[in-house]
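A.B. asks: Sharing input20.pdb (PDB, C-alpha atoms) below.
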```
ATOM      1  CA  MET A 962     -31.976  46.368 -19.345  1.00  0.00           C
ATOM      2  CA  LYS A 963     -29.742  43.330 -18.819  1.00  0.00           C
ATOM      3  CA  SER A 964     -26.652  45.491 -18.295  1.00  0.00           C
ATOM      4  CA  ALA A 965     -28.371  47.703 -15.731  1.00  0.00           C
ATOM      5  CA  LEU A 966     -29.627  44.662 -13.842  1.00  0.00           C
ATOM      6  CA  ALA A 967     -26.168  43.046 -13.789  1.00  0.00           C
ATOM      7  CA  THR A 968     -24.577  46.218 -12.409  1.00  0.00           C
ATOM      8  CA  THR A 969     -27.161  46.430  -9.632  1.00  0.00           C
ATOM      9  CA  LEU A 970     -26.693  42.812  -8.651  1.00  0.00           C
ATOM     10  CA  ILE A 971     -22.903  43.017  -8.433  1.00  0.00           C
ATOM     11  CA  ALA A 972     -22.976  46.327  -6.563  1.00  0.00           C
ATOM     12  CA  PHE A 973     -25.181  44.851  -3.853  1.00  0.00           C
ATOM     13  CA  LEU A 974     -23.202  41.589  -3.789  1.00  0.00           C
ATOM     14  CA  CYS A 975     -26.159  39.354  -4.447  1.00  0.00           C
ATOM     15  CA  LEU A 976     -29.633  39.568  -5.888  1.00  0.00           C
ATOM     16  CA  SER A 977     -32.145  40.758  -3.336  1.00  0.00           C
ATOM     17  CA  SER A 978     -35.320  39.928  -5.227  1.00  0.00           C
ATOM     18  CA  VAL A 979     -37.504  37.038  -4.116  1.00  0.00           C
ATOM     19  CA  ALA A 980     -39.089  34.604  -6.534  1.00  0.00           C
ATOM     20  CA  TYR A 981     -41.613  31.967  -5.417  1.00  0.00           C
ATOM     21  CA  GLY A 982     -40.601  32.557  -1.807  1.00  0.00           C
ATOM     22  CA  LYS A 983     -36.905  31.782  -2.445  1.00  0.00           C
ATOM     23  CA  LYS A 984     -33.915  34.053  -3.010  1.00  0.00           C
ATOM     24  CA  THR A 985     -32.534  34.063  -6.552  1.00  0.00           C
ATOM     25  CA  TYR A 986     -28.789  34.748  -6.712  1.00  0.00           C
ATOM     26  CA  TYR A 987     -26.720  36.146  -9.551  1.00  0.00           C
ATOM     27  CA  GLN A 988     -25.113  33.359 -11.610  1.00  0.00           C
ATOM     28  CA  VAL A 989     -21.913  33.320 -13.646  1.00  0.00           C
ATOM     29  CA  VAL A 990     -20.250  30.701 -15.866  1.00  0.00           C
ATOM     30  CA  ILE A 991     -16.643  29.609 -15.333  1.00  0.00           C
ATOM     31  CA  ALA A 992     -14.483  30.577 -18.351  1.00  0.00           C
ATOM     32  CA  ASP A 993     -11.010  29.624 -17.026  1.00  0.00           C
ATOM     33  CA  PRO A 994     -10.004  25.946 -16.957  1.00  0.00           C
ATOM     34  CA  PHE A 995     -11.070  26.058 -13.300  1.00  0.00           C
ATOM     35  CA  ILE A 996     -11.467  28.348 -10.288  1.00  0.00           C
ATOM     36  CA  GLU A 997     -10.368  27.571  -6.740  1.00  0.00           C
ATOM     37  CA  LEU A 998     -12.673  27.685  -3.729  1.00  0.00           C
ATOM     38  CA  HIS A 999     -11.139  28.656  -0.381  1.00  0.00           C
ATOM     39  CA  THR A1000     -12.664  27.887   3.007  1.00  0.00           C
ATOM     40  CA  GLY A1001     -12.615  31.590   3.919  1.00  0.00           C
ATOM     41  CA  PRO A1002     -12.145  35.082   2.446  1.00  0.00           C
ATOM     42  CA  GLY A1003      -8.341  35.187   2.264  1.00  0.00           C
ATOM     43  CA  ARG A1004      -5.295  33.476   0.740  1.00  0.00           C
ATOM     44  CA  GLY A1005      -4.445  32.073   4.167  1.00  0.00           C
ATOM     45  CA  TYR A1006      -7.527  29.860   4.015  1.00  0.00           C
ATOM     46  CA  PRO A1007      -6.892  26.492   2.301  1.00  0.00           C
ATOM     47  CA  ILE A1008      -8.228  25.520  -1.129  1.00  0.00           C
ATOM     48  CA  PHE A1009     -10.703  22.664  -0.727  1.00  0.00           C
ATOM     49  CA  HIS A1010     -12.547  22.513  -4.053  1.00  0.00           C
ATOM     50  CA  VAL A1011     -12.238  23.503  -7.730  1.00  0.00           C
ATOM     51  CA  VAL A1012     -15.005  24.349 -10.188  1.00  0.00           C
ATOM     52  CA  ASP A1013     -14.394  23.363 -13.830  1.00  0.00           C
ATOM     53  CA  ARG A1014     -14.871  25.400 -16.985  1.00  0.00           C
ATOM     54  CA  GLY A1015     -18.493  25.581 -18.137  1.00  0.00           C
ATOM     55  CA  ASP A1016     -19.984  25.098 -14.684  1.00  0.00           C
ATOM     56  CA  THR A1017     -22.059  27.844 -13.079  1.00  0.00           C
ATOM     57  CA  VAL A1018     -21.815  29.327  -9.585  1.00  0.00           C
ATOM     58  CA  GLU A1019     -24.103  31.617  -7.619  1.00  0.00           C
ATOM     59  CA  ILE A1020     -22.656  34.766  -6.040  1.00  0.00           C
ATOM     60  CA  ARG A1021     -23.850  34.878  -2.426  1.00  0.00           C
ATOM     61  CA  LYS A1022     -21.804  37.532  -0.629  1.00  0.00           C
ATOM     62  CA  ARG A1023     -18.838  39.877  -1.013  1.00  0.00           C
ATOM     63  CA  ARG A1024     -16.171  40.697   1.565  1.00  0.00           C
ATOM     64  CA  THR A1025     -13.575  43.193   0.272  1.00  0.00           C
ATOM     65  CA  ASP A1026     -11.982  41.393  -2.746  1.00  0.00           C
ATOM     66  CA  TRP A1027     -13.451  37.968  -1.976  1.00  0.00           C
ATOM     67  CA  PHE A1028     -16.799  36.523  -3.046  1.00  0.00           C
ATOM     68  CA  LYS A1029     -18.722  33.707  -1.432  1.00  0.00           C
ATOM     69  CA  VAL A1030     -20.164  31.414  -4.123  1.00  0.00           C
ATOM     70  CA  GLN A1031     -22.158  28.206  -4.310  1.00  0.00           C
ATOM     71  CA  THR A1032     -21.859  25.558  -7.012  1.00  0.00           C
ATOM     72  CA  ASP A1033     -24.685  23.613  -8.683  1.00  0.00           C
ATOM     73  CA  ARG A1034     -23.959  20.773  -6.241  1.00  0.00           C
ATOM     74  CA  GLY A1035     -24.330  23.012  -3.196  1.00  0.00           C
ATOM     75  CA  VAL A1036     -20.605  23.414  -2.419  1.00  0.00           C
ATOM     76  CA  LYS A1037     -19.932  26.841  -0.847  1.00  0.00           C
ATOM     77  CA  GLY A1038     -16.568  28.583  -0.840  1.00  0.00           C
ATOM     78  CA  TRP A1039     -14.719  31.870  -1.350  1.00  0.00           C
ATOM     79  CA  VAL A1040     -13.212  33.059  -4.651  1.00  0.00           C
ATOM     80  CA  LYS A1041     -10.728  35.890  -5.233  1.00  0.00           C
ATOM     81  CA  ILE A1042     -12.001  38.778  -7.354  1.00  0.00           C
ATOM     82  CA  ASP A1043      -9.374  38.296 -10.076  1.00  0.00           C
ATOM     83  CA  GLN A1044     -10.717  34.800 -10.825  1.00  0.00           C
ATOM     84  CA  LEU A1045     -14.364  35.807 -10.626  1.00  0.00           C
ATOM     85  CA  SER A1046     -13.792  38.778 -12.947  1.00  0.00           C
ATOM     86  CA  ARG A1047     -12.811  36.323 -15.727  1.00  0.00           C
ATOM     87  CA  THR A1048     -16.160  34.515 -15.628  1.00  0.00           C
ATOM     88  CA  LEU A1049     -19.056  34.996 -18.043  1.00  0.00           C
ATOM     89  CA  GLU A1050     -22.683  35.909 -17.621  1.00  0.00           C
ATOM     90  CA  LEU A1051     -25.289  33.368 -18.709  1.00  0.00           C
ATOM     91  CA  ASP A1052     -25.585  35.021 -22.135  1.00  0.00           C
ATOM     92  CA  GLY A1053     -21.823  34.752 -22.727  1.00  0.00           C
ATOM     93  CA  GLU A1054     -20.923  38.378 -21.978  1.00  0.00           C
ATOM     94  CA  PRO A1055     -17.947  39.031 -19.649  1.00  0.00           C
ATOM     95  CA  THR A1056     -18.960  39.485 -16.021  1.00  0.00           C
ATOM     96  CA  GLU A1057     -18.765  43.107 -14.886  1.00  0.00           C
ATOM     97  CA  ILE A1058     -17.817  43.564 -11.227  1.00  0.00           C
ATOM     98  CA  LYS A1059     -18.318  47.039  -9.850  1.00  0.00           C
ATOM     99  CA  ASP A1060     -16.434  48.329  -6.833  1.00  0.00           C
ATOM    100  CA  PRO A1061     -18.478  49.955  -4.042  1.00  0.00           C
ATOM    101  CA  THR A1062     -19.858  53.326  -5.089  1.00  0.00           C
ATOM    102  CA  ARG A1063     -21.160  56.446  -3.360  1.00  0.00           C
ATOM    103  CA  SER A1064     -24.652  54.944  -3.296  1.00  0.00           C
ATOM    104  CA  ASP A1065     -23.279  51.871  -1.494  1.00  0.00           C
ATOM    105  CA  PHE A1066     -21.718  54.200   1.090  1.00  0.00           C
ATOM    106  CA  VAL A1067     -24.995  56.044   1.633  1.00  0.00           C
ATOM    107  CA  GLU A1068     -27.034  52.825   1.842  1.00  0.00           C
ATOM    108  CA  ARG A1069     -24.561  50.878   4.000  1.00  0.00           C
ATOM    109  CA  ARG A1070     -25.927  48.940   6.956  1.00  0.00           C
ATOM    110  CA  LYS A1071     -22.800  47.990   8.948  1.00  0.00           C
ATOM    111  CA  GLU A1072     -19.590  49.786   9.819  1.00  0.00           C
ATOM    112  CA  MET A1073     -16.453  48.942  11.818  1.00  0.00           C
ATOM    113  CA  GLY A1074     -13.419  51.048  12.652  1.00  0.00           C
ATOM    114  CA  VAL A1075     -10.475  51.906  14.875  1.00  0.00           C
ATOM    115  CA  GLN A1076      -9.458  55.306  16.261  1.00  0.00           C
ATOM    116  CA  MET A1077      -6.660  56.834  18.329  1.00  0.00           C
ATOM    117  CA  GLY A1078      -6.482  60.114  20.224  1.00  0.00           C
ATOM    118  CA  ASP A1079      -6.549  61.848  23.586  1.00  0.00           C
ATOM    119  CA  PHE A1080      -8.925  61.347  26.510  1.00  0.00           C
ATOM    120  CA  ASP A1081      -8.437  64.010  29.188  1.00  0.00           C
ATOM    121  CA  GLY A1082      -4.637  63.848  28.815  1.00  0.00           C
ATOM    122  CA  ALA A1083      -4.404  60.054  28.420  1.00  0.00           C
ATOM    123  CA  ASN A1084      -3.793  58.146  25.208  1.00  0.00           C
ATOM    124  CA  VAL A1085      -6.874  56.312  23.950  1.00  0.00           C
ATOM    125  CA  ILE A1086      -7.275  53.516  21.408  1.00  0.00           C
ATOM    126  CA  SER A1087     -10.842  52.611  20.436  1.00  0.00           C
ATOM    127  CA  VAL A1088     -12.615  50.080  18.243  1.00  0.00           C
ATOM    128  CA  TYR A1089     -16.285  50.222  17.335  1.00  0.00           C
ATOM    129  CA  GLY A1090     -19.041  48.551  15.396  1.00  0.00           C
ATOM    130  CA  ALA A1091     -22.162  50.270  14.066  1.00  0.00           C
ATOM    131  CA  TYR A1092     -25.514  49.298  12.603  1.00  0.00           C
ATOM    132  CA  LEU A1093     -27.408  51.854  10.513  1.00  0.00           C
ATOM    133  CA  PHE A1094     -31.197  51.782  10.872  1.00  0.00           C
ATOM    134  CA  THR A1095     -31.500  54.491   8.208  1.00  0.00           C
ATOM    135  CA  PRO A1096     -28.906  56.610   6.371  1.00  0.00           C
ATOM    136  CA  ASN A1097     -29.462  59.246   9.091  1.00  0.00           C
ATOM    137  CA  LEU A1098     -29.584  57.160  12.282  1.00  0.00           C
ATOM    138  CA  SER A1099     -27.258  54.463  13.628  1.00  0.00           C
ATOM    139  CA  ALA A1100     -26.376  52.667  16.867  1.00  0.00           C
ATOM    140  CA  GLU A1101     -22.754  52.051  17.882  1.00  0.00           C
ATOM    141  CA  LEU A1102     -20.903  49.960  20.437  1.00  0.00           C
ATOM    142  CA  TRP A1103     -17.441  51.178  21.474  1.00  0.00           C
ATOM    143  CA  GLY A1104     -14.574  49.663  23.439  1.00  0.00           C
ATOM    144  CA  SER A1105     -11.582  51.812  24.468  1.00  0.00           C
ATOM    145  CA  GLN A1106      -8.239  51.343  26.201  1.00  0.00           C
ATOM    146  CA  LEU A1107      -6.769  54.274  28.151  1.00  0.00           C
ATOM    147  CA  SER A1108      -3.108  54.791  29.038  1.00  0.00           C
ATOM    148  CA  GLY A1109      -1.864  57.798  31.045  1.00  0.00           C
ATOM    149  CA  ASP A1110       1.107  58.852  33.141  1.00  0.00           C
ATOM    150  CA  PHE A1111      -0.667  58.203  36.437  1.00  0.00           C
ATOM    151  CA  SER A1112      -3.411  55.702  35.594  1.00  0.00           C
ATOM    152  CA  ASP A1113      -4.708  53.247  33.022  1.00  0.00           C
ATOM    153  CA  GLY A1114      -8.280  52.432  32.215  1.00  0.00           C
ATOM    154  CA  TRP A1115     -10.971  51.223  29.861  1.00  0.00           C
ATOM    155  CA  MET A1116     -14.346  52.381  28.560  1.00  0.00           C
ATOM    156  CA  VAL A1117     -17.393  50.724  27.027  1.00  0.00           C
ATOM    157  CA  ASN A1118     -19.955  52.983  25.339  1.00  0.00           C
ATOM    158  CA  ALA A1119     -23.285  52.571  23.554  1.00  0.00           C
ATOM    159  CA  ASN A1120     -24.094  55.508  21.263  1.00  0.00           C
ATOM    160  CA  LEU A1121     -26.813  56.858  19.014  1.00  0.00           C
ATOM    161  CA  VAL A1122     -25.499  58.795  16.006  1.00  0.00           C
ATOM    162  CA  HIS A1123     -27.400  61.230  13.793  1.00  0.00           C
ATOM    163  CA  GLN A1124     -25.974  62.096  10.373  1.00  0.00           C
ATOM    164  CA  PRO A1125     -28.117  64.905   8.883  1.00  0.00           C
ATOM    165  CA  PHE A1126     -26.489  64.922   5.417  1.00  0.00           C
ATOM    166  CA  PRO A1127     -25.664  61.274   4.596  1.00  0.00           C
ATOM    167  CA  THR A1128     -25.182  61.878   0.853  1.00  0.00           C
ATOM    168  CA  TRP A1129     -22.275  64.305   1.345  1.00  0.00           C
ATOM    169  CA  ARG A1130     -18.798  62.885   0.770  1.00  0.00           C
ATOM    170  CA  VAL A1131     -17.629  64.724   3.898  1.00  0.00           C
ATOM    171  CA  SER A1132     -20.563  64.865   6.302  1.00  0.00           C
ATOM    172  CA  PRO A1133     -20.995  65.975   9.927  1.00  0.00           C
ATOM    173  CA  PHE A1134     -22.617  63.814  12.578  1.00  0.00           C
ATOM    174  CA  PHE A1135     -23.760  64.166  16.187  1.00  0.00           C
ATOM    175  CA  THR A1136     -23.559  61.518  18.874  1.00  0.00           C
ATOM    176  CA  LEU A1137     -25.186  60.888  22.251  1.00  0.00           C
ATOM    177  CA  GLY A1138     -24.379  57.960  24.502  1.00  0.00           C
ATOM    178  CA  THR A1139     -23.712  56.336  27.833  1.00  0.00           C
ATOM    179  CA  GLY A1140     -21.408  53.692  29.221  1.00  0.00           C
ATOM    180  CA  ILE A1141     -18.956  52.640  31.925  1.00  0.00           C
ATOM    181  CA  ILE A1142     -15.375  53.705  32.625  1.00  0.00           C
ATOM    182  CA  GLY A1143     -12.844  51.876  34.770  1.00  0.00           C
ATOM    183  CA  ILE A1144      -9.701  53.582  36.125  1.00  0.00           C
ATOM    184  CA  SER A1145      -6.709  51.806  37.692  1.00  0.00           C
ATOM    185  CA  PRO A1146      -4.161  54.217  39.262  1.00  0.00           C
ATOM    186  CA  LYS A1147      -0.515  53.317  38.773  1.00  0.00           C
ATOM    187  CA  ALA A1148       1.648  52.522  41.802  1.00  0.00           C
ATOM    188  CA  THR A1149       2.416  55.607  43.929  1.00  0.00           C
ATOM    189  CA  LEU A1150       3.449  56.353  47.496  1.00  0.00           C
ATOM    190  CA  VAL A1151      -0.251  56.497  48.388  1.00  0.00           C
ATOM    191  CA  GLN A1152      -2.210  53.512  47.106  1.00  0.00           C
ATOM    192  CA  SER A1153      -5.535  54.473  45.487  1.00  0.00           C
ATOM    193  CA  GLU A1154      -8.440  52.161  44.813  1.00  0.00           C
ATOM    194  CA  ASP A1155      -9.605  51.226  41.334  1.00  0.00           C
ATOM    195  CA  ARG A1156     -12.749  53.058  40.221  1.00  0.00           C
ATOM    196  CA  THR A1157     -15.645  52.060  37.982  1.00  0.00           C
ATOM    197  CA  ASP A1158     -18.191  54.767  37.167  1.00  0.00           C
ATOM    198  CA  GLN A1159     -21.032  55.447  34.780  1.00  0.00           C
ATOM    199  CA  ILE A1160     -20.440  58.005  32.032  1.00  0.00           C
ATOM    200  CA  GLY A1161     -22.508  59.984  29.559  1.00  0.00           C
ATOM    201  CA  HIS A1162     -21.431  62.033  26.580  1.00  0.00           C
ATOM    202  CA  VAL A1163     -22.438  64.295  23.715  1.00  0.00           C
ATOM    203  CA  GLY A1164     -20.243  64.855  20.698  1.00  0.00           C
ATOM    204  CA  MET A1165     -19.827  65.777  17.063  1.00  0.00           C
ATOM    205  CA  GLY A1166     -17.554  64.774  14.224  1.00  0.00           C
ATOM    206  CA  LEU A1167     -16.893  64.386  10.522  1.00  0.00           C
ATOM    207  CA  ARG A1168     -17.064  61.259   8.395  1.00  0.00           C
ATOM    208  CA  ALA A1169     -15.409  61.215   4.941  1.00  0.00           C
ATOM    209  CA  HIS A1170     -15.771  58.555   2.252  1.00  0.00           C
ATOM    210  CA  ILE A1171     -12.260  58.111   0.834  1.00  0.00           C
ATOM    211  CA  SER A1172     -12.620  55.265  -1.673  1.00  0.00           C
ATOM    212  CA  ARG A1173     -14.299  51.905  -2.093  1.00  0.00           C
ATOM    213  CA  ARG A1174     -15.241  50.759   1.450  1.00  0.00           C
ATOM    214  CA  LEU A1175     -12.799  52.990   3.329  1.00  0.00           C
ATOM    215  CA  MET A1176     -13.786  55.987   5.451  1.00  0.00           C
ATOM    216  CA  LEU A1177     -11.941  58.558   7.544  1.00  0.00           C
ATOM    217  CA  ARG A1178     -13.622  59.573  10.786  1.00  0.00           C
ATOM    218  CA  ALA A1179     -12.698  62.253  13.343  1.00  0.00           C
ATOM    219  CA  GLU A1180     -14.700  63.372  16.355  1.00  0.00           C
ATOM    220  CA  TYR A1181     -14.888  65.263  19.647  1.00  0.00           C
ATOM    221  CA  LYS A1182     -16.826  64.113  22.723  1.00  0.00           C
ATOM    222  CA  SER A1183     -17.567  65.825  26.010  1.00  0.00           C
ATOM    223  CA  TYR A1184     -18.016  63.374  28.911  1.00  0.00           C
ATOM    224  CA  VAL A1185     -19.574  63.564  32.358  1.00  0.00           C
ATOM    225  CA  VAL A1186     -18.327  60.930  34.817  1.00  0.00           C
ATOM    226  CA  PHE A1187     -21.001  60.175  37.437  1.00  0.00           C
ATOM    227  CA  THR A1188     -18.838  59.412  40.449  1.00  0.00           C
ATOM    228  CA  SER A1189     -19.918  58.008  43.806  1.00  0.00           C
ATOM    229  CA  ARG A1190     -18.718  61.231  45.435  1.00  0.00           C
ATOM    230  CA  ASP A1191     -20.729  64.448  45.764  1.00  0.00           C
ATOM    231  CA  ASP A1192     -19.293  66.050  42.614  1.00  0.00           C
ATOM    232  CA  ASN A1193     -19.179  64.661  39.076  1.00  0.00           C
ATOM    233  CA  GLU A1194     -16.187  64.977  36.772  1.00  0.00           C
ATOM    234  CA  GLU A1195     -15.882  66.224  33.214  1.00  0.00           C
ATOM    235  CA  ALA A1196     -13.523  64.994  30.495  1.00  0.00           C
ATOM    236  CA  GLU A1197     -12.875  65.735  26.824  1.00  0.00           C
ATOM    237  CA  GLU A1198     -11.917  63.313  24.080  1.00  0.00           C
ATOM    238  CA  TRP A1199     -10.430  63.939  20.636  1.00  0.00           C
ATOM    239  CA  LYS A1200      -9.712  61.064  18.261  1.00  0.00           C
ATOM    240  CA  ALA A1201      -9.525  60.086  14.597  1.00  0.00           C
ATOM    241  CA  GLY A1202      -9.092  56.931  12.581  1.00  0.00           C
ATOM    242  CA  PHE A1203     -10.300  54.725   9.763  1.00  0.00           C
ATOM    243  CA  ALA A1204     -13.458  52.684   9.262  1.00  0.00           C
ATOM    244  CA  PHE A1205     -14.838  50.171   6.767  1.00  0.00           C
ATOM    245  CA  PHE A1206     -18.447  49.676   5.731  1.00  0.00           C
ATOM    246  CA  PHE A1207     -20.199  46.616   4.370  1.00  0.00           C
TER     247      PHE A1207
END
```
Go ahead and render the structure in this file as structure tokens.
C.D. replies:
Amino acid sequence: MKSALATTLIAFLCLSSVAYGKKTYYQVVIADPFIELHTGPGRGYPIFHVVDRGDTVEIRKRRTDWFKVQTDRGVKGWVKIDQLSRTLELDGEPTEIKDPTRSDFVERRKEMGVQMGDFDGANVISVYGAYLFTPNLSAELWGSQLSGDFSDGWMVNANLVHQPFPTWRVSPFFTLGTGIIGISPKATLVQSEDRTDQIGHVGMGLRAHISRRLMLRAEYKSYVVFTSRDDNEEAEEWKAGFAFFF
């Protein structure tokens, strides 16, 4: 029972149960002579505190290979996984830290990524962030930079995404969204005005869980540009890239 509970707590980064109206976090005991607390999740952040052998810390959060902890005196900092993996549980057993699993991927709540591809003949670079309401339904916010032979531009999109088979390692998804596109023609003999128009799209794609918190994502979108002229324009977009979930 204890082993199963410990695995669940580490996999979800901190204990999610509530006792007497307060969160109870997973605790470990320092076994090394000391561990170092950084001000942020990375070696570039300075060390500002050390925790001595025999003291306990609470595990609050995980970000890639860094854990946010809090000491008995309320000091909060970030510890590298290699130091935390040498701690002990309260009963003296070695702490077992599990990497993200398939269930973590299915039950993820946030996702961020970057993609590159083609938008109607122009190069496109996009970044996005997503929040998953359920394993099947999520909302995304996209920002894109366009670069073509005759014009440059940008796009901002808000999307709804439906993933009908979230437990599959490689799973299809469908997207529907709207946004704004801005186009700036490059200098020519005839000067053209910059344009900003509303856009809408439908699309489909594939999302693949590669390992740990890393995903591969590829998709196709069909756009309609609602211009101020009598006729609207259509555009196609193909792109692929990587994403991380947490």
A.B. asks: On this file, the PyMOL selection byres ((chain A and resi 1013) around 9) gives some set of residues; write that set as JSON, numbers by chain.
C.D. replies: {"A": [991, 992, 993, 994, 995, 996, 1011, 1012, 1014, 1015, 1016, 1017]}
A.B. asks: Restrict the selected residues to C-alpha atoms and save them as a compact mmCIF listing (two decimals), in the coordinates of the input.
C.D. replies:
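Full text of selection15.txt as output:
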```
# COMPACT_ATOMS: atom_id res chain seq x y z
CA ILE A 991 -16.64 29.61 -15.33
CA ALA A 992 -14.48 30.58 -18.35
CA ASP A 993 -11.01 29.62 -17.03
CA PRO A 994 -10.00 25.95 -16.96
CA PHE A 995 -11.07 26.06 -13.30
CA ILE A 996 -11.47 28.35 -10.29
CA VAL A 1011 -12.24 23.50 -7.73
CA VAL A 1012 -15.00 24.35 -10.19
CA ARG A 1014 -14.87 25.40 -16.98
CA GLY A 1015 -18.49 25.58 -18.14
CA ASP A 1016 -19.98 25.10 -14.68
CA THR A 1017 -22.06 27.84 -13.08
```
A.B. asks: Once you count all atoms listed in the file, what closest atom pair and distance in Å to one decimal does each residue of segment 988-1084 of chain A within 7 Å of segment 1088-1108 of chain A have, with rows by chain and rising residue number, as a Markdown table?
C.D. replies:
```
| residue | atom | partner | partner_atom | distance |
| --- | --- | --- | --- | --- |
| A:Val1067 | CA | A:Pro1096 | CA | 6.2 |
| A:Glu1068 | CA | A:Pro1096 | CA | 6.2 |
| A:Arg1070 | CA | A:Leu1093 | CA | 4.8 |
| A:Lys1071 | CA | A:Tyr1092 | CA | 4.7 |
| A:Glu1072 | CA | A:Ala1091 | CA | 5.0 |
| A:Met1073 | CA | A:Gly1090 | CA | 4.4 |
| A:Gly1074 | CA | A:Tyr1089 | CA | 5.6 |
| A:Val1075 | CA | A:Val1088 | CA | 4.4 |
| A:Gln1076 | CA | A:Val1088 | CA | 6.4 |
| A:Ala1083 | CA | A:Ser1108 | CA | 5.5 |
| A:Asn1084 | CA | A:Ser1108 | CA | 5.1 |
```
A.B. asks: Set the distance at 9 Å and use all atoms listed in the file: which residues neighbour Arg1168 of chain A once local chain neighbours fewer than 3 positions away are removed? I'd like the list as a VMD selection string.
C.D. replies: chain A and resid 1130 to 1134 1176 to 1180
A.B. asks: Let's have the selection written as a PDB file, keeping the file's coordinate frame, with C-alpha atoms.
C.D. replies:
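Okay, selection_9.pdb is ready:
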```pdb
ATOM      1  CA  ARG A1130     -18.798  62.885   0.770  1.00  0.00           C
ATOM      2  CA  VAL A1131     -17.629  64.724   3.898  1.00  0.00           C
ATOM      3  CA  SER A1132     -20.563  64.865   6.302  1.00  0.00           C
ATOM      4  CA  PRO A1133     -20.995  65.975   9.927  1.00  0.00           C
ATOM      5  CA  PHE A1134     -22.617  63.814  12.578  1.00  0.00           C
ATOM      6  CA  MET A1176     -13.786  55.987   5.451  1.00  0.00           C
ATOM      7  CA  LEU A1177     -11.941  58.558   7.544  1.00  0.00           C
ATOM      8  CA  ARG A1178     -13.622  59.573  10.786  1.00  0.00           C
ATOM      9  CA  ALA A1179     -12.698  62.253  13.343  1.00  0.00           C
ATOM     10  CA  GLU A1180     -14.700  63.372  16.355  1.00  0.00           C
TER      11      GLU A1180
END
```
A.B. asks: What's the separation between atom CA of Leu1045 of chain A and atom CA of Asp1065 of chain A, in Å to one decimal place?
C.D. replies: 20.5 Å
A.B. asks: Any idea what the distance is between atom CA of Gly1078 of chain A and atom CA of Trp1199 of chain A?
C.D. replies: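 Interatomic distance here is 5.5 Å.
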A.B. asks: Can you translate the PyMOL selection byres ((chain A and resi 1002) around 7) into the concrete residues it hits in this file, as a PyMOL selection string?
C.D. replies: chain A and resi 1001+1003+1024+1027+1039
A.B. asks: Grab the atom CA of Glu1195 of chain A to atom CA of Phe1126 of chain A distance for me, in Å with one decimal place.
C.D. replies: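 Straight-line distance from atom CA of Glu1195 of chain A to atom CA of Phe1126 of chain A works out to 29.8 Å.
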A.B. asks: My list of candidates is A:Trp1115, A:Gly1038, A:Val1122, A:Ile1171. Which is closest to Tyr1006 of chain A when distances are computed with only C-alpha atoms?
C.D. replies: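 Closest residue, counting only C-alpha atoms: A:Gly1038.
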A.B. asks: Measuring atom to atom with only C-alpha atoms, identify which of A:Val1185, A:Leu1175, A:Met1165, A:Val990 is nearest to Phe1207 of chain A.
C.D. replies: A:Leu1175
A.B. asks: Taking the structure I provided as the source, export segment 1105-1116 of chain A with N, CA and C atoms, as a JSON list (two decimals), in the first residue's frame.
C.D. replies:
```json
[["chain", "number", "residue", "atom", "x", "y", "z"],
["A", 1105, "SER", "N", 1.81, 33.22, -34.69],
["A", 1105, "SER", "CA", 2.60, 32.78, -35.83],
["A", 1105, "SER", "C", 3.26, 33.95, -36.53],
["A", 1106, "GLN", "N", 4.46, 33.68, -37.07],
["A", 1106, "GLN", "CA", 5.19, 34.65, -37.88],
["A", 1106, "GLN", "C", 5.30, 34.10, -39.30],
["A", 1107, "LEU", "N", 4.92, 34.93, -40.30],
["A", 1107, "LEU", "CA", 4.94, 34.52, -41.69],
["A", 1107, "LEU", "C", 6.04, 35.26, -42.44],
["A", 1108, "SER", "N", 6.70, 34.54, -43.35],
["A", 1108, "SER", "CA", 7.76, 35.14, -44.16],
["A", 1108, "SER", "C", 7.70, 34.56, -45.57],
["A", 1109, "GLY", "N", 7.38, 35.43, -46.56],
["A", 1109, "GLY", "CA", 7.27, 34.99, -47.95],
["A", 1109, "GLY", "C", 8.14, 35.82, -48.87],
["A", 1110, "ASP", "N", 8.13, 35.48, -50.14],
["A", 1110, "ASP", "CA", 8.92, 36.21, -51.13],
["A", 1110, "ASP", "C", 8.41, 37.63, -51.36],
["A", 1111, "PHE", "N", 7.09, 37.81, -51.24],
["A", 1111, "PHE", "CA", 6.51, 39.11, -51.58],
["A", 1111, "PHE", "C", 5.89, 39.84, -50.39],
["A", 1112, "SER", "N", 5.72, 39.13, -49.27],
["A", 1112, "SER", "CA", 5.13, 39.77, -48.09],
["A", 1112, "SER", "C", 5.49, 39.02, -46.83],
["A", 1113, "ASP", "N", 5.41, 39.73, -45.71],
["A", 1113, "ASP", "CA", 5.57, 39.14, -44.39],
["A", 1113, "ASP", "C", 4.26, 39.32, -43.63],
["A", 1114, "GLY", "N", 4.14, 38.62, -42.53],
["A", 1114, "GLY", "CA", 2.90, 38.76, -41.78],
["A", 1114, "GLY", "C", 2.93, 38.07, -40.44],
["A", 1115, "TRP", "N", 1.80, 38.09, -39.78],
["A", 1115, "TRP", "CA", 1.63, 37.45, -38.48],
["A", 1115, "TRP", "C", 0.19, 36.96, -38.34],
["A", 1116, "MET", "N", -0.01, 36.02, -37.43],
["A", 1116, "MET", "CA", -1.34, 35.51, -37.14],
["A", 1116, "MET", "C", -1.48, 35.27, -35.65]]
```
